[in-house]
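The file query33.txt comes next; it holds compact mmCIF, C-alpha atoms (C1' of nucleotides).
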```txt
# COMPACT_ATOMS: atom_id res chain seq x y z
CA MET A 1 -60.83 -28.36 64.71
CA PRO A 2 -58.43 -28.42 61.83
CA HIS A 3 -57.15 -25.42 59.95
CA ASP A 4 -58.49 -24.59 56.51
CA ILE A 5 -57.79 -27.65 54.52
CA THR A 6 -55.25 -26.77 51.87
CA PRO A 7 -55.59 -29.23 49.04
CA PRO A 8 -52.29 -30.79 47.98
CA ARG A 9 -51.87 -28.34 45.14
CA GLN A 10 -49.64 -30.23 42.75
CA GLU A 11 -48.95 -27.46 40.31
CA THR A 12 -49.68 -23.75 40.17
CA ARG A 13 -50.99 -22.11 37.03
CA ILE A 14 -47.60 -20.50 36.47
CA GLN A 15 -45.85 -23.84 36.79
CA ALA A 16 -48.23 -25.45 34.35
CA ARG A 17 -47.74 -22.62 31.89
CA ASN A 18 -43.96 -22.74 32.12
CA ARG A 19 -43.85 -26.48 31.72
CA ALA A 20 -46.05 -26.14 28.65
CA THR A 21 -43.77 -23.43 27.25
CA ILE A 22 -40.77 -25.70 27.74
CA ARG A 23 -42.48 -28.67 26.11
CA GLU A 24 -43.39 -26.50 23.14
CA ALA A 25 -39.82 -25.20 22.79
CA ALA A 26 -38.36 -28.68 23.25
CA LEU A 27 -40.63 -30.07 20.54
CA GLN A 28 -39.46 -27.34 18.20
CA VAL A 29 -35.78 -28.15 18.79
CA PHE A 30 -35.80 -31.94 19.31
CA SER A 31 -37.97 -32.48 16.21
CA LYS A 32 -35.36 -30.74 14.11
CA TYR A 33 -32.07 -32.02 15.52
CA GLY A 34 -32.96 -35.21 17.34
CA PHE A 35 -31.98 -35.91 20.93
CA ARG A 36 -28.21 -35.85 20.59
CA GLY A 37 -28.14 -32.92 18.18
CA SER A 38 -30.21 -30.65 20.41
CA THR A 39 -28.88 -28.57 23.29
CA LEU A 40 -30.46 -27.13 26.41
CA ASP A 41 -29.22 -23.72 25.29
CA GLN A 42 -31.31 -23.94 22.13
CA ILE A 43 -34.40 -25.02 24.05
CA ALA A 44 -33.91 -22.33 26.69
CA ALA A 45 -33.54 -19.64 24.03
CA GLU A 46 -36.62 -20.93 22.20
CA ALA A 47 -38.61 -20.91 25.46
CA GLY A 48 -37.34 -17.50 26.55
CA LEU A 49 -36.07 -18.94 29.82
CA SER A 50 -32.66 -19.38 31.37
CA LYS A 51 -30.99 -22.75 31.25
CA PRO A 52 -31.04 -23.28 35.05
CA ASN A 53 -34.70 -22.35 35.04
CA LEU A 54 -35.35 -25.10 32.51
CA LEU A 55 -33.73 -27.53 34.89
CA TYR A 56 -35.88 -26.29 37.72
CA TYR A 57 -38.91 -27.65 35.87
CA PHE A 58 -37.32 -30.77 34.40
CA ARG A 59 -34.66 -32.82 36.16
CA SER A 60 -32.58 -33.27 32.98
CA LYS A 61 -32.42 -33.01 29.20
CA ASP A 62 -33.40 -36.65 29.03
CA ALA A 63 -36.47 -36.04 31.22
CA ILE A 64 -37.83 -33.40 28.84
CA TYR A 65 -37.33 -35.65 25.84
CA ALA A 66 -38.83 -38.69 27.53
CA GLU A 67 -41.95 -36.83 28.62
CA LEU A 68 -42.42 -35.41 25.12
CA LEU A 69 -42.09 -38.79 23.45
CA SER A 70 -44.37 -40.75 25.73
CA SER A 71 -47.08 -38.09 25.78
CA LEU A 72 -47.03 -37.95 21.98
CA LEU A 73 -46.99 -41.68 21.34
CA GLU A 74 -50.57 -41.96 22.51
CA THR A 75 -51.74 -39.16 20.22
CA TRP A 76 -49.88 -40.74 17.36
CA LEU A 77 -51.62 -44.08 17.65
CA ASP A 78 -55.14 -42.73 18.19
CA PRO A 79 -56.04 -42.56 14.48
CA LEU A 80 -55.33 -46.28 14.11
CA LYS A 81 -57.31 -47.18 17.24
CA GLU A 82 -60.32 -45.41 15.74
CA MET A 83 -60.49 -47.96 12.91
CA ARG A 84 -63.65 -49.98 13.61
CA PRO A 85 -64.00 -53.68 12.68
CA ASP A 86 -67.74 -53.29 12.12
CA GLY A 87 -67.61 -50.31 9.76
CA ASP A 88 -67.42 -50.33 5.97
CA PRO A 89 -63.93 -51.74 5.23
CA VAL A 90 -62.91 -49.32 2.49
CA GLU A 91 -64.32 -46.35 4.38
CA GLU A 92 -62.58 -47.40 7.63
CA ILE A 93 -59.20 -47.63 5.89
CA MET A 94 -59.70 -44.43 3.89
CA GLY A 95 -60.74 -42.67 7.08
CA TYR A 96 -57.52 -43.77 8.70
CA VAL A 97 -55.54 -42.46 5.74
CA ARG A 98 -57.27 -39.08 5.94
CA ARG A 99 -56.80 -38.78 9.71
CA LYS A 100 -53.14 -39.65 9.39
CA LEU A 101 -52.60 -37.16 6.57
CA ARG A 102 -54.31 -34.46 8.59
CA MET A 103 -51.98 -35.20 11.50
CA SER A 104 -48.96 -34.76 9.23
CA GLN A 105 -50.38 -31.42 8.16
CA GLU A 106 -51.30 -30.18 11.62
CA PHE A 107 -48.50 -31.74 13.67
CA PRO A 108 -45.45 -31.98 11.41
CA ARG A 109 -43.03 -31.47 14.29
CA GLU A 110 -44.47 -34.39 16.20
CA SER A 111 -44.02 -36.52 13.09
CA ARG A 112 -40.41 -35.41 12.71
CA LEU A 113 -39.72 -36.07 16.38
CA PHE A 114 -40.71 -39.70 15.91
CA ALA A 115 -38.87 -39.93 12.62
CA ASN A 116 -35.68 -38.77 14.33
CA GLU A 117 -36.15 -41.22 17.17
CA ILE A 118 -36.70 -44.17 14.81
CA LEU A 119 -33.85 -43.15 12.49
CA GLN A 120 -31.48 -43.25 15.43
CA GLY A 121 -32.59 -46.78 16.25
CA ALA A 122 -35.43 -45.93 18.67
CA PRO A 123 -33.22 -45.98 21.79
CA HIS A 124 -35.96 -44.49 23.97
CA ILE A 125 -39.06 -46.23 22.60
CA GLY A 126 -37.73 -49.48 21.18
CA ALA A 127 -39.62 -51.50 23.78
CA GLU A 128 -42.82 -49.64 22.99
CA LEU A 129 -42.50 -50.53 19.30
CA SER A 130 -42.24 -54.28 19.76
CA GLY A 131 -44.73 -54.13 22.64
CA ASN A 132 -47.78 -51.90 22.50
CA LEU A 133 -47.33 -50.81 18.89
CA LYS A 134 -46.89 -54.34 17.53
CA ARG A 135 -49.86 -55.55 19.57
CA LEU A 136 -52.13 -52.80 18.22
CA VAL A 137 -50.97 -53.27 14.62
CA ASP A 138 -51.31 -57.05 14.78
CA GLU A 139 -54.84 -56.68 16.10
CA LYS A 140 -55.85 -54.34 13.28
CA CYS A 141 -54.15 -56.60 10.75
CA THR A 142 -56.35 -59.47 11.84
CA VAL A 143 -59.36 -57.31 11.11
CA ILE A 144 -58.00 -56.31 7.70
CA ARG A 145 -57.19 -59.93 6.87
CA GLY A 146 -60.79 -60.82 7.70
CA TRP A 147 -62.08 -58.11 5.35
CA ALA A 148 -59.90 -59.49 2.57
CA ARG A 149 -61.07 -63.08 3.22
CA ASP A 150 -64.68 -61.93 3.01
CA GLY A 151 -63.97 -60.29 -0.35
CA LYS A 152 -64.72 -56.82 1.00
CA ILE A 153 -61.30 -55.51 -0.05
CA ALA A 154 -58.52 -56.78 -2.29
CA ASP A 155 -56.21 -59.50 -1.05
CA ILE A 156 -53.28 -57.45 0.25
CA HIS A 157 -50.61 -57.88 2.91
CA PRO A 158 -52.15 -56.07 5.91
CA HIS A 159 -48.86 -55.13 7.60
CA HIS A 160 -47.47 -53.61 4.43
CA LEU A 161 -50.76 -51.79 3.87
CA ILE A 162 -50.32 -50.11 7.23
CA PHE A 163 -46.66 -49.37 6.56
CA SER A 164 -47.67 -47.74 3.29
CA ILE A 165 -50.22 -45.55 5.05
CA TRP A 166 -47.63 -44.42 7.58
CA SER A 167 -45.02 -43.89 4.94
CA LEU A 168 -47.14 -41.97 2.44
CA THR A 169 -48.74 -39.66 4.97
CA GLN A 170 -45.73 -38.96 7.15
CA HIS A 171 -43.58 -38.26 4.11
CA TYR A 172 -45.33 -34.90 3.70
CA ALA A 173 -44.34 -33.89 7.24
CA ASP A 174 -40.90 -35.46 7.50
CA PHE A 175 -39.62 -34.50 4.05
CA ASP A 176 -41.55 -31.24 3.92
CA VAL A 177 -38.49 -29.25 2.81
CA GLN A 178 -37.82 -31.58 -0.12
CA VAL A 179 -41.46 -31.81 -1.17
CA ARG A 180 -41.82 -28.04 -1.21
CA ALA A 181 -38.50 -27.54 -3.02
CA VAL A 182 -39.65 -29.86 -5.81
CA LEU A 183 -43.25 -28.66 -6.01
CA GLY A 184 -42.43 -24.95 -6.02
CA GLU A 185 -45.52 -22.83 -5.36
CA GLU A 186 -48.06 -25.66 -5.31
CA ASP A 187 -49.42 -26.64 -1.90
CA PRO A 188 -48.33 -30.21 -1.04
CA PHE A 189 -51.38 -31.22 0.92
CA ASP A 190 -53.90 -30.18 -1.72
CA GLY A 191 -52.51 -32.68 -4.20
CA ALA A 192 -51.64 -35.24 -1.55
CA GLU A 193 -55.19 -35.89 -0.40
CA ALA A 194 -56.46 -36.44 -3.94
CA TYR A 195 -53.51 -38.64 -4.87
CA LEU A 196 -53.66 -40.80 -1.74
CA THR A 197 -57.40 -41.25 -2.13
CA GLN A 198 -56.82 -42.45 -5.67
CA VAL A 199 -53.96 -44.81 -4.71
CA PHE A 200 -55.72 -46.51 -1.82
CA HIS A 201 -59.07 -46.81 -3.59
CA GLN A 202 -57.31 -48.62 -6.43
CA THR A 203 -55.27 -50.76 -4.07
CA LEU A 204 -58.24 -51.85 -1.98
CA LYS A 205 -60.61 -52.44 -4.90
CA VAL A 206 -61.58 -56.11 -5.25
CA MET B 207 18.52 -33.13 -19.55
CA PRO B 208 15.77 -33.27 -16.93
CA HIS B 209 15.59 -35.68 -14.05
CA ASP B 210 13.19 -38.58 -14.07
CA ILE B 211 9.83 -37.02 -14.49
CA THR B 212 7.85 -37.63 -11.32
CA PRO B 213 4.18 -37.53 -12.15
CA PRO B 214 2.16 -35.25 -9.84
CA ARG B 215 0.98 -38.15 -7.75
CA GLN B 216 -2.17 -36.84 -6.14
CA GLU B 217 -2.86 -39.63 -3.73
CA THR B 218 -0.98 -42.73 -2.62
CA ARG B 219 -2.74 -46.06 -2.25
CA ILE B 220 -2.51 -45.76 1.52
CA GLN B 221 -4.10 -42.32 1.44
CA ALA B 222 -6.90 -43.57 -0.77
CA ARG B 223 -7.53 -46.51 1.51
CA ASN B 224 -7.57 -44.37 4.65
CA ARG B 225 -9.89 -41.82 3.12
CA ALA B 226 -12.21 -44.65 2.12
CA THR B 227 -12.09 -46.08 5.62
CA ILE B 228 -13.01 -42.69 7.05
CA ARG B 229 -15.87 -42.19 4.60
CA GLU B 230 -17.24 -45.62 5.52
CA ALA B 231 -17.01 -44.88 9.25
CA ALA B 232 -18.50 -41.42 8.80
CA LEU B 233 -21.43 -42.87 6.87
CA GLN B 234 -22.03 -45.33 9.68
CA VAL B 235 -22.12 -42.58 12.32
CA PHE B 236 -23.67 -39.62 10.44
CA SER B 237 -26.49 -41.79 9.08
CA LYS B 238 -27.49 -42.68 12.60
CA TYR B 239 -27.11 -39.42 14.51
CA GLY B 240 -27.19 -36.71 11.85
CA PHE B 241 -24.54 -34.05 11.52
CA ARG B 242 -24.95 -32.30 14.85
CA GLY B 243 -25.49 -35.48 16.82
CA SER B 244 -22.32 -37.15 15.55
CA THR B 245 -18.82 -36.60 16.96
CA LEU B 246 -15.34 -37.01 15.54
CA ASP B 247 -14.59 -39.37 18.44
CA GLN B 248 -17.30 -41.74 17.27
CA ILE B 249 -16.08 -41.63 13.68
CA ALA B 250 -12.45 -42.09 14.70
CA ALA B 251 -13.32 -45.08 16.89
CA GLU B 252 -15.40 -46.59 14.08
CA ALA B 253 -12.53 -46.09 11.62
CA GLY B 254 -9.88 -47.37 14.01
CA LEU B 255 -7.89 -44.16 13.66
CA SER B 256 -6.96 -41.37 16.01
CA LYS B 257 -8.93 -38.16 15.94
CA PRO B 258 -6.01 -35.98 14.76
CA ASN B 259 -5.35 -38.51 12.04
CA LEU B 260 -8.90 -38.08 10.82
CA LEU B 261 -8.25 -34.36 10.53
CA TYR B 262 -5.08 -35.03 8.60
CA TYR B 263 -7.23 -36.50 5.81
CA PHE B 264 -10.18 -34.15 6.09
CA ARG B 265 -9.89 -30.47 7.03
CA SER B 266 -12.91 -30.59 9.36
CA LYS B 267 -15.99 -32.49 10.49
CA ASP B 268 -18.00 -30.44 8.05
CA ALA B 269 -15.69 -31.43 5.18
CA ILE B 270 -16.25 -35.15 5.78
CA TYR B 271 -20.00 -34.68 5.89
CA ALA B 272 -20.08 -32.47 2.81
CA GLU B 273 -18.04 -34.90 0.73
CA LEU B 274 -20.23 -37.81 1.81
CA LEU B 275 -23.45 -36.00 0.94
CA SER B 276 -22.43 -34.72 -2.47
CA SER B 277 -20.86 -37.99 -3.58
CA LEU B 278 -24.00 -39.86 -2.57
CA LEU B 279 -26.50 -37.47 -4.09
CA GLU B 280 -25.48 -38.60 -7.58
CA THR B 281 -25.92 -42.28 -6.74
CA TRP B 282 -29.25 -41.52 -5.19
CA LEU B 283 -30.67 -39.90 -8.31
CA ASP B 284 -29.35 -42.44 -10.80
CA PRO B 285 -32.36 -44.77 -10.62
CA LEU B 286 -34.65 -41.90 -11.64
CA LYS B 287 -32.36 -40.85 -14.49
CA GLU B 288 -32.57 -44.36 -15.89
CA MET B 289 -36.29 -43.95 -16.54
CA ARG B 290 -36.60 -43.81 -20.36
CA PRO B 291 -39.29 -41.76 -22.14
CA ASP B 292 -39.41 -44.23 -25.03
CA GLY B 293 -39.86 -47.41 -22.97
CA ASP B 294 -43.11 -49.05 -21.93
CA PRO B 295 -44.64 -46.58 -19.43
CA VAL B 296 -45.76 -49.07 -16.80
CA GLU B 297 -42.52 -51.05 -17.06
CA GLU B 298 -40.41 -47.88 -16.82
CA ILE B 299 -42.17 -46.77 -13.65
CA MET B 300 -42.20 -50.26 -12.12
CA GLY B 301 -38.50 -50.57 -12.93
CA TYR B 302 -37.85 -47.34 -11.06
CA VAL B 303 -39.80 -48.64 -8.07
CA ARG B 304 -37.79 -51.87 -8.03
CA ARG B 305 -34.44 -50.08 -8.39
CA LYS B 306 -35.34 -47.70 -5.59
CA LEU B 307 -36.46 -50.53 -3.31
CA ARG B 308 -33.25 -52.41 -3.99
CA MET B 309 -31.27 -49.32 -3.03
CA SER B 310 -33.13 -49.14 0.29
CA GLN B 311 -32.23 -52.74 0.88
CA GLU B 312 -28.59 -52.49 -0.16
CA PHE B 313 -27.80 -48.96 1.02
CA PRO B 314 -29.98 -48.26 4.05
CA ARG B 315 -27.35 -46.04 5.66
CA GLU B 316 -27.20 -43.79 2.63
CA SER B 317 -30.98 -43.49 2.78
CA ARG B 318 -30.90 -42.59 6.46
CA LEU B 319 -28.14 -40.04 5.88
CA PHE B 320 -30.38 -38.17 3.43
CA ALA B 321 -33.38 -38.58 5.68
CA ASN B 322 -31.48 -36.98 8.55
CA GLU B 323 -30.32 -34.13 6.33
CA ILE B 324 -33.82 -33.40 5.04
CA LEU B 325 -35.41 -33.74 8.49
CA GLN B 326 -33.09 -31.04 9.77
CA GLY B 327 -34.19 -28.71 6.98
CA ALA B 328 -31.55 -29.68 4.40
CA PRO B 329 -29.02 -27.05 5.54
CA HIS B 330 -26.24 -28.52 3.36
CA ILE B 331 -28.16 -29.53 0.23
CA GLY B 332 -31.12 -27.16 0.19
CA ALA B 333 -29.87 -25.49 -2.97
CA GLU B 334 -29.42 -28.86 -4.67
CA LEU B 335 -33.04 -29.77 -3.92
CA SER B 336 -34.61 -26.74 -5.55
CA GLY B 337 -31.96 -26.80 -8.29
CA ASN B 338 -30.77 -30.04 -9.83
CA LEU B 339 -33.31 -32.27 -8.08
CA LYS B 340 -36.30 -30.14 -9.01
CA ARG B 341 -35.06 -29.88 -12.59
CA LEU B 342 -34.68 -33.64 -12.93
CA VAL B 343 -38.03 -34.39 -11.32
CA ASP B 344 -39.86 -31.77 -13.40
CA GLU B 345 -38.37 -33.27 -16.55
CA LYS B 346 -39.52 -36.78 -15.66
CA CYS B 347 -42.93 -35.45 -14.65
CA THR B 348 -43.38 -34.03 -18.13
CA VAL B 349 -42.75 -37.50 -19.52
CA ILE B 350 -45.21 -39.09 -17.09
CA ARG B 351 -47.82 -36.46 -17.87
CA GLY B 352 -47.40 -37.31 -21.54
CA TRP B 353 -47.94 -41.00 -20.84
CA ALA B 354 -51.13 -40.17 -18.96
CA ARG B 355 -52.38 -37.90 -21.76
CA ASP B 356 -51.80 -40.70 -24.26
CA GLY B 357 -53.85 -43.06 -22.11
CA LYS B 358 -50.85 -45.33 -21.47
CA ILE B 359 -51.23 -44.99 -17.69
CA ALA B 360 -53.93 -43.68 -15.38
CA ASP B 361 -54.41 -39.95 -14.97
CA ILE B 362 -52.38 -39.28 -11.84
CA HIS B 363 -50.45 -36.34 -10.39
CA PRO B 364 -46.87 -37.05 -11.55
CA HIS B 365 -45.09 -35.24 -8.71
CA HIS B 366 -47.07 -37.07 -6.08
CA LEU B 367 -46.45 -40.34 -7.90
CA ILE B 368 -42.72 -39.76 -7.54
CA PHE B 369 -43.09 -38.70 -3.90
CA SER B 370 -44.99 -41.92 -3.26
CA ILE B 371 -42.22 -43.99 -4.83
CA TRP B 372 -39.60 -42.27 -2.68
CA SER B 373 -41.71 -42.53 0.43
CA LEU B 374 -42.74 -46.17 0.09
CA THR B 375 -39.31 -47.48 -0.80
CA GLN B 376 -37.23 -45.39 1.59
CA HIS B 377 -39.55 -46.21 4.47
CA TYR B 378 -38.07 -49.70 4.63
CA ALA B 379 -34.58 -48.27 5.11
CA ASP B 380 -35.34 -45.23 7.25
CA PHE B 381 -37.84 -46.87 9.59
CA ASP B 382 -36.18 -50.26 9.51
CA VAL B 383 -36.24 -50.61 13.29
CA GLN B 384 -39.96 -49.96 13.49
CA VAL B 385 -40.80 -52.17 10.52
CA ARG B 386 -38.86 -55.09 11.97
CA ALA B 387 -40.30 -54.55 15.45
CA VAL B 388 -43.83 -54.79 14.07
CA LEU B 389 -43.20 -57.62 11.59
CA GLY B 390 -41.33 -59.84 14.02
CA GLU B 391 -39.51 -62.65 12.23
CA GLU B 392 -40.82 -61.95 8.73
CA ASP B 393 -38.36 -60.35 6.31
CA PRO B 394 -39.55 -56.84 5.39
CA PHE B 395 -38.24 -56.78 1.83
CA ASP B 396 -39.84 -60.05 0.80
CA GLY B 397 -43.32 -58.71 1.39
CA ALA B 398 -42.43 -55.19 0.33
CA GLU B 399 -41.62 -56.04 -3.28
CA ALA B 400 -44.87 -57.94 -3.77
CA TYR B 401 -46.95 -55.26 -2.06
CA LEU B 402 -45.39 -52.34 -3.94
CA THR B 403 -45.79 -54.14 -7.26
CA GLN B 404 -49.46 -54.63 -6.48
CA VAL B 405 -50.00 -51.01 -5.35
CA PHE B 406 -48.33 -49.38 -8.33
CA HIS B 407 -49.83 -51.72 -10.92
CA GLN B 408 -53.27 -50.83 -9.59
CA THR B 409 -52.49 -47.14 -9.40
CA LEU B 410 -51.13 -46.92 -12.94
CA LYS B 411 -53.81 -49.08 -14.56
CA VAL B 412 -55.96 -47.10 -16.98
C1' DG C 413 1.67 -40.09 8.61
C1' DT C 414 0.61 -40.93 13.13
C1' DC C 415 0.86 -40.00 17.67
C1' DT C 416 0.31 -37.28 22.57
C1' DA C 417 -0.79 -33.07 24.51
C1' DT C 418 -3.56 -29.35 24.72
C1' DA C 419 -5.91 -25.01 23.37
C1' DG C 420 -10.40 -23.07 23.31
C1' DT C 421 -15.24 -23.70 23.11
C1' DC C 422 -19.64 -25.79 24.18
C1' DT C 423 -22.61 -28.73 27.04
C1' DG C 424 -25.40 -30.63 30.91
C1' DA C 425 -26.00 -29.78 35.44
C1' DT C 426 -25.40 -27.54 40.25
C1' DA C 427 -24.61 -23.84 43.96
C1' DG C 428 -26.10 -20.05 46.04
C1' DA C 429 -27.68 -15.06 46.06
C1' DC C 430 -32.03 -12.59 45.70
C1' DG D 431 -38.91 -19.14 41.09
C1' DT D 432 -35.44 -16.93 38.71
C1' DC D 433 -31.13 -15.30 38.23
C1' DT D 434 -25.49 -15.16 37.86
C1' DA D 435 -21.60 -17.79 38.45
C1' DT D 436 -19.43 -21.87 37.82
C1' DC D 437 -18.01 -26.83 37.63
C1' DA D 438 -16.67 -31.10 35.19
C1' DG D 439 -16.72 -33.28 31.10
C1' DA D 440 -17.10 -33.49 26.01
C1' DC D 441 -16.28 -31.26 21.79
C1' DT D 442 -13.60 -29.53 17.36
C1' DA D 443 -9.37 -28.43 15.99
C1' DT D 444 -4.25 -27.41 16.28
C1' DA D 445 0.80 -27.82 17.78
C1' DG D 446 4.65 -30.30 17.80
C1' DA D 447 7.35 -34.62 18.80
C1' DC D 448 8.61 -38.81 16.41
```
Once more with this new file: its structure as structure tokens, please.
Amino acid sequence: MPHDITPPRQETRIQARNRATIREAALQVFSKYGFRGSTLDQIAAEAGLSKPNLLYYFRSKDAIYAELLSSLLETWLDPLKEMRPDGDPVEEIMGYVRRKLRMSQEFPRESRLFANEILQGAPHIGAELSGNLKRLVDEKCTVIRGWARDGKIADIHPHHLIFSIWSLTQHYADFDVQVRAVLGEEDPFDGAEAYLTQVFHQTLKV
Amino acid sequence: MPHDITPPRQETRIQARNRATIREAALQVFSKYGFRGSTLDQIAAEAGLSKPNLLYYFRSKDAIYAELLSSLLETWLDPLKEMRPDGDPVEEIMGYVRRKLRMSQEFPRESRLFANEILQGAPHIGAELSGNLKRLVDEKCTVIRGWARDGKIADIHPHHLIFSIWSLTQHYADFDVQVRAVLGEEDPFDGAEAYLTQVFHQTLKV
DNA sequence: GTCTATAGTCTGATAGAC
DNA sequence: GTCTATCAGACTATAGAC
């Protein structure tokens, strides 16, 4: 008769917590300085751990960054996936705009992490861009093109419509410092939602 | 009787050329990796000069970066300054959009340099943003608000209108890699001009 | 003006005690 | 699992020969 069966415990609670702490600290640092501009010292200090302890949980600086990026890419594309071909065209697109703007408001560091990666030429996720991302975007563009052909929305270039949604929403996260410097006391996101609603309603109107 | 008067020659032609070469190389590198992520080795290699020679022309890494940023800031704001209060409102704004898009096309590295600086919290030009930039933008917003009050353009939030112009045009420079990955063969700027014209005409229409 | 050599610091990663 | 100590390499900047 066998001993008590010990399940192959992959990760203790402490391990999970520490890995989460490191990811959080790494997001904070990488999103600000990009991969090359960030140091393990900064991340360790931010996490309240020693540098060797960091490397006990992650094999290398690159490993932390890679895990962050790939785990976030999914989250980042979810709002677009939610766009349904059988819904009301204008409402589906406006819903996407609102979800994307909310993500910029709630997860500005994630937005800046991607912005940094793309700015530097997307060395870690270049393949993902011309692979999964392009596939998803092309698919949604077919849907949008169909809506335009049926006269449900204005006749616009679907790819550029999507670029404009990315650009306008992410701007409030990525250029936060500039937006706030120019606006002064006024809250950026209050005005942003109203303005973007106005812009896209006008743009989509037949 | 005095000797031949030697004018206080501030800079020889060779010096001017070398400094220009360094600025060009620095722009290439800094725009890609940001200040912290760039190294003098990279810039020296790009310029075809030795590292000590770089530091003969510029006191420090910081000095190169600072000179680049401040000399470009002017160029970057020019298109907005050209917007005339006494012109046709829609044409003035559309002209600004076109000038800004052309700058993204012709000077993508300059755009990415600023993007990197802002992403990292604008440590070198933070004061400029809430000073000169805010002043200029506020002034133009007063003009735009006047146009809206007179019924010449739609009633929109002027600050967010300007943010949207920055965001939509700079996106094609800053996220160039992503845009091209998604578009495939198609040239981004061909479609961009048509799309942006459409968007802003609709948005400004009374 | 441009080079080689190098000082002094920072960086990613490892070794080994506890 | 976490620490101190430390390595090898990269980094900014300077010294000094030519």
Please, which residues are within 12 Å of (-57.4, -58.6, 8.4) by the file's coordinates, counting all atoms listed in the file, and could they come as a VMD selection string? chain A and resid 83 to 85 89 93 137 to 162
Can you spit out the residues from that selection as an mmCIF file, in the coordinates of the input, using C-alpha atoms?
```cif
data_model
loop_
_atom_site.group_PDB
_atom_site.id
_atom_site.type_symbol
_atom_site.label_atom_id
_atom_site.label_comp_id
_atom_site.auth_asym_id
_atom_site.auth_seq_id
_atom_site.Cartn_x
_atom_site.Cartn_y
_atom_site.Cartn_z
ATOM 1 C CA MET A 83 -60.490 -47.960 12.910
ATOM 2 C CA ARG A 84 -63.650 -49.980 13.610
ATOM 3 C CA PRO A 85 -64.000 -53.680 12.680
ATOM 4 C CA PRO A 89 -63.930 -51.740 5.230
ATOM 5 C CA ILE A 93 -59.200 -47.630 5.890
ATOM 6 C CA VAL A 137 -50.970 -53.270 14.620
ATOM 7 C CA ASP A 138 -51.310 -57.050 14.780
ATOM 8 C CA GLU A 139 -54.840 -56.680 16.100
ATOM 9 C CA LYS A 140 -55.850 -54.340 13.280
ATOM 10 C CA CYS A 141 -54.150 -56.600 10.750
ATOM 11 C CA THR A 142 -56.350 -59.470 11.840
ATOM 12 C CA VAL A 143 -59.360 -57.310 11.110
ATOM 13 C CA ILE A 144 -58.000 -56.310 7.700
ATOM 14 C CA ARG A 145 -57.190 -59.930 6.870
ATOM 15 C CA GLY A 146 -60.790 -60.820 7.700
ATOM 16 C CA TRP A 147 -62.080 -58.110 5.350
ATOM 17 C CA ALA A 148 -59.900 -59.490 2.570
ATOM 18 C CA ARG A 149 -61.070 -63.080 3.220
ATOM 19 C CA ASP A 150 -64.680 -61.930 3.010
ATOM 20 C CA GLY A 151 -63.970 -60.290 -0.350
ATOM 21 C CA LYS A 152 -64.720 -56.820 1.000
ATOM 22 C CA ILE A 153 -61.300 -55.510 -0.050
ATOM 23 C CA ALA A 154 -58.520 -56.780 -2.290
ATOM 24 C CA ASP A 155 -56.210 -59.500 -1.050
ATOM 25 C CA ILE A 156 -53.280 -57.450 0.250
ATOM 26 C CA HIS A 157 -50.610 -57.880 2.910
ATOM 27 C CA PRO A 158 -52.150 -56.070 5.910
ATOM 28 C CA HIS A 159 -48.860 -55.130 7.600
ATOM 29 C CA HIS A 160 -47.470 -53.610 4.430
ATOM 30 C CA LEU A 161 -50.760 -51.790 3.870
ATOM 31 C CA ILE A 162 -50.320 -50.110 7.230
#
```
Excluding DA443 (chain D) and residues on its chain fewer than 5 positions from it, collect all residues at most 10 Å away from it, counting all atoms listed in the file, and give them as a ChimeraX atom specification. /B:257-258,261,265-267 /C:419-420
Excluding DA447 (chain D) and any residue of its chain fewer than 5 positions from it, enumerate the residues within 12 Å of it, using all atoms listed in the file, and give them as a VMD selection string. chain C and resid 414 to 417
Please, could you write that set of residues out with C-alpha atoms (C1' of nucleotides) as a short mmCIF file (atom, residue, chain, number, x, y, z; two decimals), keeping the file's coordinate frame?
```
data_model
loop_
_atom_site.label_atom_id
_atom_site.label_comp_id
_atom_site.auth_asym_id
_atom_site.auth_seq_id
_atom_site.Cartn_x
_atom_site.Cartn_y
_atom_site.Cartn_z
"C1'" DT C 414 0.61 -40.93 13.13
"C1'" DC C 415 0.86 -40.00 17.67
"C1'" DT C 416 0.31 -37.28 22.57
"C1'" DA C 417 -0.79 -33.07 24.51
#
```
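One distance worth recording is that between CA of Gln408 (chain B) and CA of Arg98 (chain A), which is 19.9 Å.
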Starting from chain A, keep only residues with some atom at most 12 Å from an atom of chain D, counting all atoms listed in the file, and report them as a ChimeraX atom specification. /A:12,14-15,18,49-57
The residues within 12 Å of (-40.9, -37.8, 12.3), using all atoms listed in the file and the coordinates of the file, should be reported as a PyMOL selection string; which are they? (chain A and resi 27+30-34+69+72-73+76+103-104+107-120+122+166-167+169-176) or (chain B and resi 321-322+324-326+377+380-381)
Quick one: pull the distance between CA of Asp294 (chain B) and CA of Leu196 (chain A), Å, one decimal. 24.2 Å
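CA of Thr409 (chain B) is found 8.8 Å from CA of His201 (chain A).
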Near chain A, which residues of chain C fall within 10 Å when you count only C-alpha atoms (C1' of nucleotides), and what do they look like as JSON, numbers by chain? {"C": [422, 423, 424, 425, 426]}
Using only C-alpha atoms, which residue out of B:Arg305, B:Arg242, B:Arg229, B:Lys411 lies closest to chain A? B:Arg242
For Ala181 (chain A), find every residue with an atom within 7 Å (counting all atoms listed in the file), except residues of its own chain fewer than 5 positions away, and show them as a PDB file with C-alpha atoms, keeping the file's coordinate frame.
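What ended up in out_12.pdb:
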```
ATOM      1  CA  LEU B 335     -33.040 -29.770  -3.920  1.00  0.00           C
ATOM      2  CA  SER B 336     -34.610 -26.740  -5.550  1.00  0.00           C
ATOM      3  CA  LYS B 340     -36.300 -30.140  -9.010  1.00  0.00           C
TER       4      LYS B 340
END
```
